[in-house]
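A.B. asks: Dropping a structure here in structure tokens format, bear with me for questions.
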Amino acid sequence: MAAAAAASISSQTFLKGNRSDGGFGLGFSSSDLRGLSSPSTVQISLRRLPDPSRRLEVKAIGNVFGNFFKVATYGESHGGGVGCTISGCPPRVPLCEADMQAELDRRRPGQSRITTPRKETDTCKILSGISDGMTTGTPIHVFVPNTDQRSHDYSEMSIAYRPSHADATYDFKYGIRSVQGGGRSSARETIGRVAAGAVAKKILKLKSGVEILAYVSQVHKVVLPEGVIDYDTVTADQIESNIVRCPDPDYAQKMIDAIDVVRVRGDSVGGVVTCIARNVPRGLGSPVFDKLEAEFAKAMMSLPATKGVEFGSGFSGALMMGSEHNDEFYTDENGEIRTRTNRSGGIQGGISNGETIYFRVCFKPTSTIGRKQNTVTRNRDETELVARGRHDPCVLPRAVPMVEAMAAMVLVDQLMAQIAQCEMFPINLDLQRSVGEPTNGFVKTQSDAGLPA
């Protein structure tokens with residue numbers, strides 16, 4: 001029995017490779033096994049080798065947004081620069097740095113007395129993905145250098161945690177953090193989002209005639225009344241006509257005054273940004289976990305200082321009865337199914353219905369303020385902190401292009417998903433419309449898309 005076991009074992013090659021005696025295997029010859037007196041003296045240990053396909057990979061690193069139109073942002077407030085890499089952009093889209101710069105100029109610091117006084121031109125450079133003024137379909141890399149850092153302003157904050165800021169939680173998570181400027185928690189990270197949003201906006205306009213506008217509808221206790229702004233007619237020029245980006249001039253001045261009051265006190269205020277998306281094709285969004293509201297909500301809540309988002313009637317819908325809240329259907333003069341009201345905010349069942357999408361995003365007051373506050377140090381000692389540095393007394397005016405950018409990134413991602421799944425084969429013309437067809441009477445022409453006629 002022992003001889004049979006030894007013969008069986010000796011005939012197997014356990015490891016490939018040359019031995020010093022010219023044989024193969026584990027490093028012993030068959031003669032070594034013949035001397036074993038019983039099977040119990042042979043001990044063989046079998047170990048399962050790891051399956052390469054089952055390796056644990058950490059992917060939830062939080063720097064990439066989107067499924068088809070993927071945007072990865074990088075950089076820190078006081079590092080060498082910030083930017084993004086865009087993957088999945090369709091080829092042959094006319095694009096240049098000026099397209100991005102126009103949006104970045106709306107976001108940049110130092111643009112008025114009610115924003116941070118930090119002076120940055122935020123001049124962007126496209127390093128890849130463009131040839132002869134057209135996208136190539138390969139990754140688009142955008143870089144914006146930091147030029148006005150003042151790291152010494154953060155010497156005290158390197159020890160003491162700013163109340164309601166990410167300083168403490170970054171330490172709790174990583175055990176280390178970039179102190180100067182808040183690192184990745186700084187709103188300077190949103191430069192990459194706004195640059196990518198400019199590309200997304202252009203694709204949406206070219207393909208479906210989608211227009212996205214956001215504006216400030218509340219600063220602290222100054223609230224723009226419901227119905228003052230017509231979602232179908234408000235224009236970008238009206239929004240950009242004042243430094244707070246409210247399309248109503250009277251309420252805009254009240255908002256500016258409210259910010260000025262807290263600015264001179266070294267304090268801050270929050271408020272609300274309203275976003276609308278017109279001419280959105282029907283059918284964007286998916287049931288259950290990938291509802292269009294869910295995608296928007298994640299996008300908006302990923303922005304710095306956001307504390308809430310509501311769609312359509314929002315929380316006020318809880319005060320209505322179903323007979324009051326329901327949007328009744330009708331057929332318009334073009335034979336299209338529409339709704340007489342739009343309390344749903346252009347989304348029903350998590351899918352766009354062709355009406356104007358609108359939602360509101362709540363922003364908290366800026367955490368870093370110039371007033372004395374109680375806090376603790378990294379060593380757990382209680383102390384007082386007066387934050388230095390240059391910070392917005394109200395984030396809302398500069399948050400407007402950020403909200404638009406994230407909305408555009410959501411919609412272009414969902415547009416691509418709709419084309420990939422539901423327009424792979426001919427659509428049901430009795431019920432569906434192609435995402436490239438006119439919506440609500442909007443007729444897209446080459447000039448509308450920014451192309452030569």
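Scheme for the structure tokens: letters A, B, ... for chains in order shown; per-chain residue numbers from 1; ligand numbers from 1 in order shown.
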Need the shell around Ile259 in chain A: protein/DNA/RNA residues with any atom at most 10 Å away, counting only C-alpha atoms. Skip same-chain ones fewer than 5 positions apart. Format as a PyMOL selection string?
C.D. replies: chain A and resi 113-115+219-220+244+253-254+264+267-270+392-394
A.B. asks: If you run DSSP on this backbone, which residues of range 56-131 of chain A come out as helix (DSSP H, G or I), and could you give them as an MDAnalysis selection string?
C.D. replies: chainID A and resid 97:107
A.B. asks: Write the residues you've just listed into a file as a short mmCIF file (atom, residue, chain, number, x, y, z; two decimals), in the first residue's frame, and include all heavy atoms for each of them.
C.D. replies:
```cif
data_model
loop_
_atom_site.label_atom_id
_atom_site.label_comp_id
_atom_site.auth_asym_id
_atom_site.auth_seq_id
_atom_site.Cartn_x
_atom_site.Cartn_y
_atom_site.Cartn_z
N GLU A 97 -11.53 75.53 -26.22
CA GLU A 97 -11.35 76.00 -24.85
C GLU A 97 -12.30 77.14 -24.51
O GLU A 97 -12.74 77.30 -23.37
CB GLU A 97 -9.90 76.41 -24.63
CG GLU A 97 -8.96 75.21 -24.60
CD GLU A 97 -7.51 75.56 -24.86
OE1 GLU A 97 -7.25 76.73 -25.26
OE2 GLU A 97 -6.63 74.69 -24.69
N ALA A 98 -12.66 77.96 -25.51
CA ALA A 98 -13.57 79.08 -25.27
C ALA A 98 -14.93 78.61 -24.80
O ALA A 98 -15.60 79.29 -24.01
CB ALA A 98 -13.71 79.93 -26.53
N ASP A 99 -15.38 77.43 -25.26
CA ASP A 99 -16.66 76.88 -24.81
C ASP A 99 -16.64 76.64 -23.30
O ASP A 99 -17.61 76.92 -22.60
CB ASP A 99 -16.97 75.57 -25.54
CG ASP A 99 -17.17 75.75 -27.03
OD1 ASP A 99 -17.80 76.76 -27.41
OD2 ASP A 99 -16.70 74.90 -27.80
N MET A 100 -15.54 76.08 -22.82
CA MET A 100 -15.41 75.82 -21.39
C MET A 100 -15.15 77.09 -20.62
O MET A 100 -15.68 77.29 -19.51
CB MET A 100 -14.25 74.83 -21.14
CG MET A 100 -14.46 73.46 -21.74
SD MET A 100 -13.05 72.39 -21.37
CE MET A 100 -13.56 70.88 -22.21
N GLN A 101 -14.35 78.00 -21.19
CA GLN A 101 -13.96 79.21 -20.48
C GLN A 101 -15.17 80.08 -20.14
O GLN A 101 -15.22 80.71 -19.08
CB GLN A 101 -12.94 80.00 -21.30
CG GLN A 101 -12.18 81.02 -20.48
CD GLN A 101 -11.38 80.37 -19.36
OE1 GLN A 101 -10.58 79.48 -19.59
NE2 GLN A 101 -11.61 80.81 -18.12
N ALA A 102 -16.14 80.12 -21.05
CA ALA A 102 -17.33 80.93 -20.80
C ALA A 102 -18.05 80.47 -19.55
O ALA A 102 -18.55 81.29 -18.76
CB ALA A 102 -18.27 80.85 -22.01
N GLU A 103 -18.10 79.16 -19.32
CA GLU A 103 -18.74 78.63 -18.11
C GLU A 103 -17.84 78.80 -16.89
O GLU A 103 -18.31 79.13 -15.79
CB GLU A 103 -19.07 77.15 -18.30
CG GLU A 103 -20.07 76.86 -19.42
CD GLU A 103 -21.45 77.42 -19.10
OE1 GLU A 103 -21.81 77.53 -17.91
OE2 GLU A 103 -22.17 77.77 -20.05
N LEU A 104 -16.54 78.60 -17.06
CA LEU A 104 -15.62 78.75 -15.94
C LEU A 104 -15.57 80.19 -15.43
O LEU A 104 -15.39 80.43 -14.24
CB LEU A 104 -14.22 78.29 -16.35
CG LEU A 104 -14.05 76.78 -16.57
CD1 LEU A 104 -12.67 76.49 -17.16
CD2 LEU A 104 -14.24 76.02 -15.27
N ASP A 105 -15.73 81.16 -16.33
CA ASP A 105 -15.73 82.56 -15.92
C ASP A 105 -16.92 82.87 -15.02
O ASP A 105 -16.84 83.77 -14.17
CB ASP A 105 -15.76 83.48 -17.14
CG ASP A 105 -14.43 83.50 -17.88
OD1 ASP A 105 -13.42 83.03 -17.30
OD2 ASP A 105 -14.40 83.97 -19.04
N ARG A 106 -18.02 82.16 -15.20
CA ARG A 106 -19.19 82.35 -14.34
C ARG A 106 -18.96 81.76 -12.95
O ARG A 106 -19.59 82.19 -11.98
CB ARG A 106 -20.43 81.71 -14.97
CG ARG A 106 -20.81 82.27 -16.33
CD ARG A 106 -21.91 81.43 -16.97
NE ARG A 106 -23.13 81.49 -16.19
CZ ARG A 106 -24.00 80.49 -16.08
NH1 ARG A 106 -23.76 79.32 -16.68
NH2 ARG A 106 -25.10 80.63 -15.37
N ARG A 107 -18.07 80.78 -12.85
CA ARG A 107 -17.80 80.10 -11.59
C ARG A 107 -16.61 80.69 -10.84
O ARG A 107 -16.50 80.52 -9.62
CB ARG A 107 -17.51 78.62 -11.89
CG ARG A 107 -17.56 77.68 -10.68
CD ARG A 107 -16.40 76.71 -10.70
NE ARG A 107 -15.16 77.39 -10.42
CZ ARG A 107 -14.62 77.52 -9.20
NH1 ARG A 107 -15.20 76.99 -8.15
NH2 ARG A 107 -13.49 78.18 -9.02
#
```
A.B. asks: Report, in Å with one decimal, the straight-line distance from CA of Glu328 in chain A to CA of Asn342 in chain A.
C.D. replies: 9.0 Å
A.B. asks: Of the candidates A:Thr331, A:Val261, A:Tyr251, A:Ser241, which one gets nearest to Ile229 in chain A if we count only C-alpha atoms?
C.D. replies: A:Tyr251
A.B. asks: Excluding range 421-436 of chain A and any residue of its chain fewer than 5 positions from it, enumerate the residues within 7 Å of it, using only C-alpha atoms, and give them as a ChimeraX atom specification.
C.D. replies: /A:207-208,281
